[in-house]
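Visitor: my_file-v9.csv is the file, holding CSV, C-alpha atoms:
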chain,number,residue,atom,x,y,z
A,1,MET,CA,0.0,0.0,0.0
A,2,LEU,CA,1.3,3.5,-0.9
A,3,GLN,CA,1.7,5.6,2.2
A,4,HIS,CA,2.1,8.9,0.5
A,5,SER,CA,2.1,10.2,-3.1
A,6,ILE,CA,3.1,13.4,-4.8
A,7,ILE,CA,1.4,14.1,-8.2
A,8,THR,CA,3.4,16.3,-10.6
A,9,PHE,CA,2.3,18.0,-13.7
A,10,ALA,CA,3.7,19.1,-17.1
A,11,PRO,CA,7.4,20.0,-16.5
A,12,HIS,CA,7.3,23.0,-18.9
A,13,VAL,CA,5.0,24.8,-16.6
A,14,THR,CA,6.9,26.5,-13.7
A,15,ARG,CA,4.7,25.2,-10.8
A,16,ARG,CA,4.9,23.7,-7.4
A,17,VAL,CA,1.8,21.6,-7.3
A,18,GLY,CA,3.0,18.7,-5.2
A,19,TYR,CA,0.4,18.8,-2.5
A,20,ASN,CA,-1.5,15.6,-1.6
A,21,ALA,CA,-5.3,15.6,-1.0
A,22,LEU,CA,-4.8,16.1,2.7
A,23,VAL,CA,-2.9,19.3,2.3
A,24,VAL,CA,-5.0,20.6,-0.5
A,25,GLY,CA,-8.2,19.8,1.4
A,26,SER,CA,-7.0,21.9,4.3
A,27,LEU,CA,-6.9,25.1,2.2
A,28,ARG,CA,-9.7,27.4,2.9
A,29,LEU,CA,-10.6,30.8,1.4
A,30,THR,CA,-10.3,33.7,3.7
A,31,ALA,CA,-12.2,36.9,3.5
A,32,SER,CA,-10.4,39.8,1.8
A,33,ARG,CA,-8.6,42.0,4.3
A,34,SER,CA,-7.4,45.5,3.8
A,35,PHE,CA,-4.1,47.0,5.0
A,36,SER,CA,-4.4,48.5,8.4
A,37,SER,CA,-2.4,51.3,10.0
A,38,SER,CA,-1.4,48.9,12.8
A,39,ALA,CA,2.1,47.5,13.1
A,40,GLN,CA,0.8,44.1,12.1
A,41,ARG,CA,-0.7,44.1,8.6
A,42,TYR,CA,-3.0,41.2,8.3
A,43,ASN,CA,-3.9,40.0,4.8
A,44,ASP,CA,-3.8,37.0,2.6
A,45,LEU,CA,0.0,36.8,2.8
A,46,ASN,CA,0.3,36.6,6.6
A,47,ASP,CA,-2.9,35.2,8.1
A,48,ARG,CA,-2.9,31.8,9.8
A,49,GLN,CA,-4.4,29.9,6.9
A,50,ALA,CA,-2.0,31.3,4.4
A,51,LYS,CA,0.9,30.2,6.6
A,52,ALA,CA,-0.5,26.7,6.9
A,53,ALA,CA,-1.0,26.5,3.1
A,54,ALA,CA,2.7,27.4,2.4
A,55,VAL,CA,4.0,24.3,4.1
A,56,GLY,CA,4.0,20.9,2.5
A,57,PRO,CA,5.7,18.6,0.0
A,58,HIS,CA,7.3,20.1,-3.1
A,59,LYS,CA,7.2,18.7,-6.6
A,60,HIS,CA,9.9,16.8,-8.4
A,61,ASP,CA,9.7,17.6,-12.0
A,62,ALA,CA,8.7,14.8,-14.4
A,63,SER,CA,10.6,13.7,-17.4
A,64,SER,CA,7.5,13.8,-19.7
A,65,PRO,CA,4.5,16.2,-20.0
A,66,SER,CA,2.1,13.5,-18.7
A,67,LEU,CA,1.2,13.0,-15.1
A,68,SER,CA,3.7,11.1,-13.0
A,69,VAL,CA,3.7,9.9,-9.5
A,70,THR,CA,6.5,9.8,-6.9
A,71,ALA,CA,5.5,7.6,-4.0
A,72,ILE,CA,6.9,6.1,-0.8
A,73,ASN,CA,5.9,2.5,-0.5
A,74,HIS,CA,5.3,0.5,2.7
A,75,ASN,CA,9.0,-0.3,3.0
A,76,GLY,CA,9.9,3.3,2.9
A,77,ASP,CA,11.5,3.1,-0.5
A,78,ILE,CA,10.8,5.8,-3.1
A,79,SER,CA,9.3,4.5,-6.4
A,80,HIS,CA,8.9,6.5,-9.6
A,81,GLN,CA,6.6,6.0,-12.5
A,82,ASN,CA,9.2,7.7,-14.8
A,83,LYS,CA,12.7,6.3,-14.1
A,84,GLY,CA,14.6,7.8,-17.1
A,85,THR,CA,16.1,10.7,-15.2
A,86,HIS,CA,19.0,11.0,-12.9
A,87,GLY,CA,21.4,13.6,-11.5
A,88,ASP,CA,22.9,15.4,-8.6
A,89,TRP,CA,19.7,17.3,-7.6
A,90,VAL,CA,16.6,16.7,-5.6
A,91,LEU,CA,14.7,20.0,-5.3
A,92,PHE,CA,12.2,21.7,-7.5
A,93,HIS,CA,13.5,23.4,-10.6
A,94,PRO,CA,11.7,24.7,-13.7
A,95,VAL,CA,11.8,23.1,-17.1
A,96,TYR,CA,11.1,25.5,-19.9
A,97,ALA,CA,9.0,25.4,-23.0
A,98,PRO,CA,10.9,26.6,-26.1
A,99,GLU,CA,8.9,29.8,-26.4
A,100,GLU,CA,9.7,30.6,-22.7
A,101,LEU,CA,13.4,30.6,-23.4
A,102,LYS,CA,13.1,33.5,-25.9
A,103,SER,CA,10.8,35.6,-23.7
A,104,VAL,CA,13.5,37.0,-21.4
A,105,GLU,CA,14.2,40.7,-21.3
A,106,VAL,CA,17.2,42.5,-19.7
A,107,LEU,CA,15.5,44.6,-17.0
A,108,HIS,CA,16.7,46.8,-14.2
A,109,ARG,CA,14.8,47.9,-11.0
A,110,GLU,CA,15.5,51.5,-10.0
A,111,ALA,CA,16.5,51.8,-6.4
A,112,THR,CA,14.1,54.1,-4.4
A,113,CYS,CA,15.2,54.0,-0.8
A,114,PHE,CA,18.5,53.9,1.0
A,115,SER,CA,18.8,50.2,1.5
A,116,ASP,CA,17.9,49.5,-2.1
A,117,LYS,CA,20.4,52.0,-3.3
A,118,LEU,CA,23.0,50.5,-1.1
A,119,ALA,CA,22.3,47.0,-2.5
A,120,ALA,CA,22.4,48.2,-6.1
A,121,ASN,CA,25.7,50.1,-5.5
A,122,LEU,CA,27.3,47.1,-3.8
A,123,VAL,CA,26.5,45.0,-6.9
A,124,LYS,CA,28.0,47.6,-9.1
A,125,PHE,CA,31.1,47.8,-6.9
A,126,SER,CA,31.5,44.0,-6.9
A,127,LYS,CA,31.2,43.9,-10.7
A,128,TRP,CA,33.8,46.7,-11.1
A,129,GLY,CA,36.2,44.8,-8.8
A,130,TYR,CA,35.9,41.5,-10.6
A,131,ASP,CA,36.3,43.3,-14.0
A,132,LEU,CA,39.4,45.0,-12.7
A,133,VAL,CA,40.9,41.7,-11.4
A,134,SER,CA,40.0,39.7,-14.5
A,135,GLY,CA,41.1,42.5,-16.9
A,136,PHE,CA,37.7,42.6,-18.6
A,137,ARG,CA,37.0,45.8,-20.5
A,138,HIS,CA,33.5,46.9,-21.6
A,139,LYS,CA,34.4,48.1,-25.1
A,140,THR,CA,31.9,48.6,-27.8
A,141,ILE,CA,32.8,47.3,-31.3
A,142,PRO,CA,33.2,50.4,-33.6
A,143,PRO,CA,30.4,50.6,-36.1
A,144,GLY,CA,31.4,49.5,-39.6
A,145,THR,CA,34.6,47.9,-38.4
A,146,ASP,CA,36.3,45.3,-40.6
A,147,MET,CA,38.4,43.8,-37.9
A,148,THR,CA,38.8,40.1,-37.8
A,149,LEU,CA,37.6,38.0,-34.9
A,150,GLU,CA,41.2,37.7,-33.7
A,151,GLN,CA,41.7,41.4,-33.8
A,152,LEU,CA,38.5,42.0,-31.9
A,153,ARG,CA,39.7,39.6,-29.2
A,154,GLU,CA,43.1,41.2,-29.0
A,155,GLY,CA,41.6,44.7,-28.8
A,156,GLY,CA,39.4,43.6,-25.9
A,157,TYR,CA,36.1,44.0,-27.8
A,158,VAL,CA,35.0,40.4,-27.4
A,159,LEU,CA,35.9,37.5,-25.1
A,160,ASN,CA,37.2,34.2,-26.3
A,161,GLU,CA,35.6,30.9,-25.0
A,162,LYS,CA,38.1,30.6,-22.1
A,163,GLN,CA,37.4,34.1,-20.9
A,164,TRP,CA,33.6,33.6,-21.1
A,165,LEU,CA,34.0,30.3,-19.1
A,166,GLN,CA,36.1,32.0,-16.5
A,167,ARG,CA,33.5,34.7,-15.9
A,168,ILE,CA,30.7,32.2,-15.8
A,169,LEU,CA,32.4,29.8,-13.4
A,170,PHE,CA,33.3,32.7,-11.0
A,171,LEU,CA,29.8,34.1,-11.2
A,172,GLU,CA,28.1,30.8,-10.5
A,173,SER,CA,30.4,29.9,-7.6
A,174,ILE,CA,29.4,33.1,-5.9
A,175,ALA,CA,25.7,33.1,-6.9
A,176,GLY,CA,25.1,29.8,-5.1
A,177,VAL,CA,25.9,31.3,-1.7
A,178,PRO,CA,23.0,33.7,-0.9
A,179,GLY,CA,20.2,31.1,-1.2
A,180,MET,CA,22.0,28.7,1.2
A,181,VAL,CA,22.8,31.4,3.7
A,182,ALA,CA,19.2,32.7,3.7
A,183,ALA,CA,17.8,29.1,4.0
A,184,THR,CA,20.2,28.4,6.8
A,185,LEU,CA,19.4,31.5,8.8
A,186,ARG,CA,15.6,31.1,8.3
A,187,HIS,CA,15.8,27.4,9.2
A,188,LEU,CA,17.7,28.3,12.5
A,189,GLN,CA,15.2,31.1,13.2
A,190,SER,CA,12.3,28.7,12.7
A,191,LEU,CA,13.9,26.3,15.2
A,192,ARG,CA,14.8,29.0,17.6
A,193,LEU,CA,11.4,30.7,17.7
A,194,MET,CA,9.5,27.4,17.3
A,195,ARG,CA,7.3,28.7,14.5
A,196,ARG,CA,6.7,28.0,10.8
A,197,ASP,CA,8.9,29.8,8.2
A,198,ASN,CA,5.9,30.5,5.9
A,199,GLY,CA,7.5,28.7,2.8
A,200,TRP,CA,10.7,30.8,2.4
A,201,ILE,CA,13.2,28.1,3.3
A,202,HIS,CA,12.5,25.8,0.3
A,203,THR,CA,12.6,28.6,-2.2
A,204,CYS,CA,16.0,29.7,-0.9
A,205,LEU,CA,17.3,26.1,-1.0
A,206,GLU,CA,16.0,25.6,-4.5
A,207,GLU,CA,17.8,28.7,-5.7
A,208,ALA,CA,21.1,27.6,-4.1
A,209,GLU,CA,20.9,24.1,-5.7
A,210,ASN,CA,19.9,25.6,-9.1
A,211,GLU,CA,23.0,27.8,-9.0
A,212,ARG,CA,25.2,24.9,-8.0
A,213,MET,CA,23.9,22.9,-10.9
A,214,HIS,CA,24.9,25.8,-13.3
A,215,LEU,CA,28.4,25.5,-11.9
A,216,MET,CA,28.4,21.7,-12.3
A,217,THR,CA,27.3,22.1,-15.9
A,218,PHE,CA,30.0,24.5,-16.9
A,219,MET,CA,32.6,22.6,-15.0
A,220,THR,CA,32.3,19.8,-17.6
A,221,LEU,CA,33.9,22.3,-20.1
A,222,ARG,CA,37.0,23.1,-18.1
A,223,ASN,CA,39.1,22.0,-15.1
A,224,PRO,CA,40.0,25.3,-13.4
A,225,SER,CA,43.6,25.9,-12.4
A,226,ILE,CA,44.8,25.9,-8.8
A,227,PHE,CA,45.1,29.7,-8.9
A,228,PHE,CA,41.5,30.1,-10.1
A,229,ARG,CA,40.2,27.7,-7.4
A,230,ALA,CA,42.2,29.7,-4.7
A,231,MET,CA,40.6,32.9,-6.0
A,232,ILE,CA,37.1,31.4,-5.7
A,233,LEU,CA,37.9,30.0,-2.2
A,234,GLY,CA,38.9,33.4,-1.0
A,235,ALA,CA,36.0,35.2,-2.6
A,236,GLN,CA,33.5,32.7,-1.3
A,237,GLY,CA,34.9,32.9,2.3
A,238,VAL,CA,34.6,36.7,2.3
A,239,PHE,CA,31.2,36.8,0.6
A,240,TYR,CA,29.6,34.1,2.7
A,241,ASN,CA,30.5,35.7,6.0
A,242,LEU,CA,29.5,39.2,4.8
A,243,PHE,CA,26.2,38.0,3.5
A,244,PHE,CA,25.6,36.0,6.6
A,245,LEU,CA,26.0,39.1,8.8
A,246,SER,CA,24.1,41.2,6.4
A,247,TYR,CA,21.1,38.8,6.4
A,248,LEU,CA,21.0,38.9,10.2
A,249,ILE,CA,20.7,42.7,10.0
A,250,SER,CA,18.4,43.2,7.0
A,251,PRO,CA,17.0,40.1,5.1
A,252,ARG,CA,15.0,42.5,2.8
A,253,ALA,CA,18.2,44.4,1.7
A,254,CYS,CA,19.9,41.0,1.1
A,255,HIS,CA,17.1,39.8,-1.2
A,256,ARG,CA,17.3,43.1,-3.0
A,257,PHE,CA,21.0,42.7,-3.4
A,258,VAL,CA,20.5,39.2,-4.9
A,259,GLY,CA,17.8,40.7,-7.2
A,260,HIS,CA,20.3,43.2,-8.6
A,261,LEU,CA,23.0,40.5,-8.8
A,262,GLU,CA,20.7,38.4,-10.9
A,263,GLU,CA,20.0,41.4,-13.2
A,264,GLU,CA,23.8,41.3,-14.0
A,265,ALA,CA,23.6,37.6,-14.5
A,266,VAL,CA,20.8,37.9,-17.0
A,267,ALA,CA,22.6,40.7,-18.8
A,268,THR,CA,25.8,38.6,-18.9
A,269,TYR,CA,24.1,35.5,-20.4
A,270,THR,CA,22.1,37.6,-22.8
A,271,LYS,CA,25.4,39.1,-24.1
A,272,CYS,CA,26.9,35.6,-24.3
A,273,ILE,CA,24.0,34.4,-26.4
A,274,LYS,CA,24.3,37.3,-28.8
A,275,GLU,CA,28.0,36.7,-29.2
A,276,ILE,CA,27.5,33.0,-29.9
A,277,GLU,CA,24.7,33.7,-32.4
A,278,ALA,CA,26.8,36.4,-34.1
A,279,GLY,CA,29.6,33.9,-34.6
A,280,ARG,CA,32.1,35.6,-32.2
A,281,VAL,CA,32.5,32.5,-30.1
A,282,PRO,CA,32.8,29.8,-32.8
A,283,GLU,CA,34.2,27.3,-30.3
A,284,TRP,CA,30.8,27.1,-28.8
A,285,SER,CA,28.6,27.4,-31.9
A,286,ASP,CA,28.2,23.6,-32.4
A,287,LEU,CA,29.4,22.3,-29.1
A,288,PRO,CA,27.0,19.6,-27.8
A,289,ALA,CA,25.3,20.2,-24.6
A,290,PRO,CA,26.8,18.4,-21.6
A,291,GLN,CA,24.8,15.3,-20.5
A,292,ILE,CA,24.2,16.7,-17.1
A,293,ALA,CA,22.5,19.7,-18.7
A,294,ILE,CA,20.3,17.5,-20.9
A,295,ASP,CA,19.2,15.5,-17.8
A,296,TYR,CA,18.7,18.6,-15.6
A,297,TRP,CA,16.7,20.8,-18.0
A,298,ARG,CA,15.1,17.9,-19.9
A,299,LEU,CA,16.7,19.1,-23.2
A,300,ASP,CA,16.6,17.4,-26.5
A,301,PRO,CA,19.4,14.8,-26.8
A,302,ASN,CA,20.8,16.7,-29.7
A,303,SER,CA,20.9,20.1,-27.9
A,304,LYS,CA,23.8,22.4,-28.2
A,305,LEU,CA,25.6,24.5,-25.5
A,306,LEU,CA,23.7,27.5,-26.8
A,307,ASP,CA,20.4,25.8,-25.7
A,308,VAL,CA,22.0,25.2,-22.2
A,309,ILE,CA,22.9,28.9,-21.9
A,310,TYR,CA,19.3,29.9,-22.8
A,311,ALA,CA,18.0,27.7,-20.0
A,312,VAL,CA,20.6,29.1,-17.5
A,313,ARG,CA,19.5,32.6,-18.4
A,314,SER,CA,15.9,31.7,-17.8
A,315,ASP,CA,16.9,30.3,-14.3
A,316,GLU,CA,18.7,33.6,-13.5
A,317,THR,CA,15.6,35.5,-14.6
A,318,SER,CA,13.5,33.5,-12.2
A,319,HIS,CA,16.0,34.3,-9.4
A,320,ARG,CA,15.8,38.0,-10.4
A,321,PHE,CA,12.0,38.0,-10.2
A,322,VAL,CA,11.7,36.0,-7.0
A,323,ASN,CA,14.3,37.9,-5.0
A,324,HIS,CA,13.0,41.3,-6.0
A,325,SER,CA,9.5,40.2,-5.2
A,326,LEU,CA,10.6,38.8,-1.8
A,327,ALA,CA,12.3,42.1,-1.0
A,328,ASN,CA,8.9,43.8,-1.5
A,329,LEU,CA,7.4,41.7,1.3
A,330,ASP,CA,7.5,41.8,5.1
A,331,VAL,CA,10.2,39.1,5.7
A,332,ASN,CA,8.9,38.4,9.2
A,333,THR,CA,5.2,37.9,8.7
A,334,ASP,CA,4.4,37.4,5.0
A,335,VAL,CA,4.1,34.0,3.3
A,336,ASN,CA,6.3,33.3,0.4
A,337,PRO,CA,3.9,33.7,-2.6
A,338,PHE,CA,6.0,31.3,-4.6
A,339,ALA,CA,5.9,28.4,-2.1
A,340,LEU,CA,3.2,26.7,-4.1
A,341,GLN,CA,3.7,27.9,-7.6
A,342,GLU,CA,5.8,30.3,-9.7
A,343,PRO,CA,4.6,32.3,-12.7
A,344,ASP,CA,5.9,31.1,-16.1
A,345,MET,CA,8.7,32.8,-18.0
A,346,HIS,CA,6.2,35.0,-19.9
A,347,THR,CA,5.7,36.8,-16.7
A,348,LYS,CA,9.1,36.5,-15.0
A,349,GLY,CA,10.9,37.4,-18.2
A,350,LYS,CA,9.1,40.6,-18.8
A,351,LYS,CA,8.3,41.8,-15.3
A,352,ILE,CA,11.0,42.7,-12.8
A,353,ALA,CA,9.0,41.7,-9.7
A,354,PHE,CA,5.6,41.5,-8.0
A,355,GLU,CA,4.7,44.4,-5.7
A,356,ARG,CA,3.2,43.3,-2.4
A,357,PRO,CA,-0.5,43.6,-3.5
A,358,GLU,CA,0.4,41.6,-6.6
A,359,SER,CA,2.0,38.9,-4.5
A,360,GLU,CA,-1.0,38.7,-2.3
A,361,GLN,CA,-3.3,38.3,-5.3
A,362,TYR,CA,-1.1,35.7,-6.9
A,363,PHE,CA,-1.0,33.7,-3.7
A,364,LYS,CA,-4.8,33.8,-3.5
A,365,GLU,CA,-5.1,32.6,-7.1
A,366,THR,CA,-2.7,29.8,-6.4
A,367,ARG,CA,-4.8,28.6,-3.5
A,368,ASP,CA,-7.9,28.7,-5.6
A,369,MET,CA,-6.2,26.6,-8.3
A,370,LEU,CA,-5.1,24.0,-5.7
A,371,ARG,CA,-8.6,23.8,-4.3
A,372,LYS,CA,-9.9,23.2,-7.8
A,373,VAL,CA,-7.3,20.5,-8.4
A,374,SER,CA,-8.4,18.8,-5.1
A,375,ALA,CA,-12.1,19.0,-6.0
A,376,ASP,CA,-11.5,17.5,-9.5
A,377,SER,CA,-9.3,14.7,-8.2
Would you write out, as structure tokens, the structure that this file holds?

Guide:
Amino acid sequence: MLQHSIITFAPHVTRRVGYNALVVGSLRLTASRSFSSSAQRYNDLNDRQAKAAAVGPHKHDASSPSLSVTAINHNGDISHQNKGTHGDWVLFHPVYAPEELKSVEVLHREATCFSDKLAANLVKFSKWGYDLVSGFRHKTIPPGTDMTLEQLREGGYVLNEKQWLQRILFLESIAGVPGMVAATLRHLQSLRLMRRDNGWIHTCLEEAENERMHLMTFMTLRNPSIFFRAMILGAQGVFYNLFFLSYLISPRACHRFVGHLEEEAVATYTKCIKEIEAGRVPEWSDLPAPQIAIDYWRLDPNSKLLDVIYAVRSDETSHRFVNHSLANLDVNTDVNPFALQEPDMHTKGKKIAFERPESEQYFKETRDMLRKVSADS
């Protein structure tokens, strides 16, 4: 007899819909509440039923668009209906439809308050520092130039494949830190205060694992030198501790910082895609996608590295949207609106974030959807 089952849906839809009937059945609609002038703002993001709804099993993506079941049998073993996938990951991650991959836009959120401006300027400073250390120059190719590719590279106008890979590896080794730090601190806070976390921990962990999988993917293309590994070791040690202390002081500012960091990541991968498609990185034009990437993003077996970079850019777009949206919430009382489901890339790719009322409305719509799924099952 199956003790517990998690039903998952089409992998190209970015959703967390892994709730069993017991959890879905416990969802109840609450009356609409307006914002009050009191210190505690009760609404659909922080009432008791919302917090209960944000806790539960999360979906494992399926390898085909049809329904699949992940179940725990009476011996405690996990069985899968679809057993064709494997890899070094266990948490939710989106798998994109082809049209979603092309719907990403390079966006920037203007800072409006002191903490937001501080976060944005820290990202700019970090980017400037890395560009200085790596010798990268942001030079625009002169219009109408007849320089060869080799001349463009020597002049610092374009990067070769090794320079691109070095930037990507360094970026991903750092980008995997914030989610783990945030999840760790929120986990400890939940234990310390003996209360629920309102769905934030899983989203932070999912982001950390997703960034780590980016690193594992690109590591198949190069074995970094001892010097490069030492540089990452030092940067990670400094950044981890600074982010740890910063998150203790202001979680909101830290999520805003990550949102701006992901803006730079989206811009970086967008430029990389344009360079490959323009033929300026010929070494990567027809390079097959690593097997780990094909498994992780459910890509076509004949996919190229360019297809992988499109998927990675979409992941960074998700992190940009989620972190900017979380920074618009009350980190102490509000439920994570993405604990149950995330919008697809047609929304995340063209919108920088949800404002707080939009997050509240999105969470309500998600609850309605889950109740309907429960009623139809």

Visitor: Per residue of stretch 217-297 of chain A within 12 Å of stretch 352-372 of chain A, note the shortest atom pair and the distance in Å to one decimal, counting all atoms listed in the file, and order the rows by chain and increasing residue number, as a tab-separated table.

Guide:
residue	atom	partner	partner_atom	distance
A:His255	CA	A:Ala353	CA	11.9
A:Arg256	CA	A:Ala353	CA	10.8
A:Gly259	CA	A:Ile352	CA	9.0
A:His260	CA	A:Ile352	CA	10.2
A:Glu262	CA	A:Ile352	CA	10.8
A:Glu263	CA	A:Ile352	CA	9.1
A:Val266	CA	A:Ile352	CA	11.7

Visitor: Rank nothing, just name the residue among A:His319, A:Phe257, A:Ile294, A:Lys274 nearest to A:Leu118, using only C-alpha atoms.

Guide: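 Counting only C-alpha atoms, the residue closest to A:Leu118 is A:Phe257.
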
Visitor: Which neighbours of stretch 237-248 of chain A fall inside 7 Å, counting only C-alpha atoms, when residues of the same chain fewer than 6 positions from it are skipped, and could you give them as a list of chain:residue names?

Guide: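 Residues meeting the cut-off are A:Val177, A:Pro178, A:Val181, A:Ala182, A:Cys254.
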
Visitor: Write out as a CSV table (one decimal) with C-alpha atoms, in the frame of the given file which residues come within 10 Å of A:Ser318 when counting all atoms listed in the file, dropping same-chain ones fewer than 5 positions away.

Guide:
chain,number,residue,atom,x,y,z
A,14,THR,CA,6.9,26.5,-13.7
A,94,PRO,CA,11.7,24.7,-13.7
A,104,VAL,CA,13.5,37.0,-21.4
A,207,GLU,CA,17.8,28.7,-5.7
A,259,GLY,CA,17.8,40.7,-7.2
A,262,GLU,CA,20.7,38.4,-10.9
A,266,VAL,CA,20.8,37.9,-17.0
A,312,VAL,CA,20.6,29.1,-17.5
A,313,ARG,CA,19.5,32.6,-18.4
A,323,ASN,CA,14.3,37.9,-5.0
A,324,HIS,CA,13.0,41.3,-6.0
A,342,GLU,CA,5.8,30.3,-9.7
A,343,PRO,CA,4.6,32.3,-12.7
A,344,ASP,CA,5.9,31.1,-16.1
A,345,MET,CA,8.7,32.8,-18.0
A,347,THR,CA,5.7,36.8,-16.7
A,348,LYS,CA,9.1,36.5,-15.0
A,349,GLY,CA,10.9,37.4,-18.2
A,352,ILE,CA,11.0,42.7,-12.8
A,353,ALA,CA,9.0,41.7,-9.7

Visitor: Between A:Arg195, A:Arg222, A:His202, A:Arg280, which has the minimum distance to A:Thr148 (counting only C-alpha atoms)?

Guide: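 Answer, going by the shortest atom-to-atom distance: A:Arg280.
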
Visitor: Atom CA of A:Ser314 and atom CA of A:His214 are how many Å apart?

Guide: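 Separation of atom CA of A:Ser314 and atom CA of A:His214: 11.7 Å.
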
Visitor: Scan for residues within 9 Å of the point (24.0, 23.7, -29.3) in the coordinates of the file, using only C-alpha atoms, and reply as a compact mmCIF listing (two decimals) with C-alpha atoms, keeping the file's coordinate frame.

Guide:
# COMPACT_ATOMS: atom_id res chain seq x y z
CA TRP A 284 30.80 27.10 -28.80
CA SER A 285 28.60 27.40 -31.90
CA ASP A 286 28.20 23.60 -32.40
CA LEU A 287 29.40 22.30 -29.10
CA PRO A 288 27.00 19.60 -27.80
CA ALA A 289 25.30 20.20 -24.60
CA ASN A 302 20.80 16.70 -29.70
CA SER A 303 20.90 20.10 -27.90
CA LYS A 304 23.80 22.40 -28.20
CA LEU A 305 25.60 24.50 -25.50
CA LEU A 306 23.70 27.50 -26.80
CA ASP A 307 20.40 25.80 -25.70
CA VAL A 308 22.00 25.20 -22.20

Visitor: Calculated over all atoms listed in the file, which of the candidates A:Tyr130, A:Phe92, A:Ile273, A:Val281 has the smallest distance to A:Glu150?

Guide: A:Val281

Visitor: Extract, using only C-alpha atoms, all DNA, RNA and protein residues at most 8 Å from A:Leu326, discarding same-chain residues fewer than 3 positions from it, and format them as a ChimeraX atom specification.

Guide: /A:252,255,322-323,329,331,336
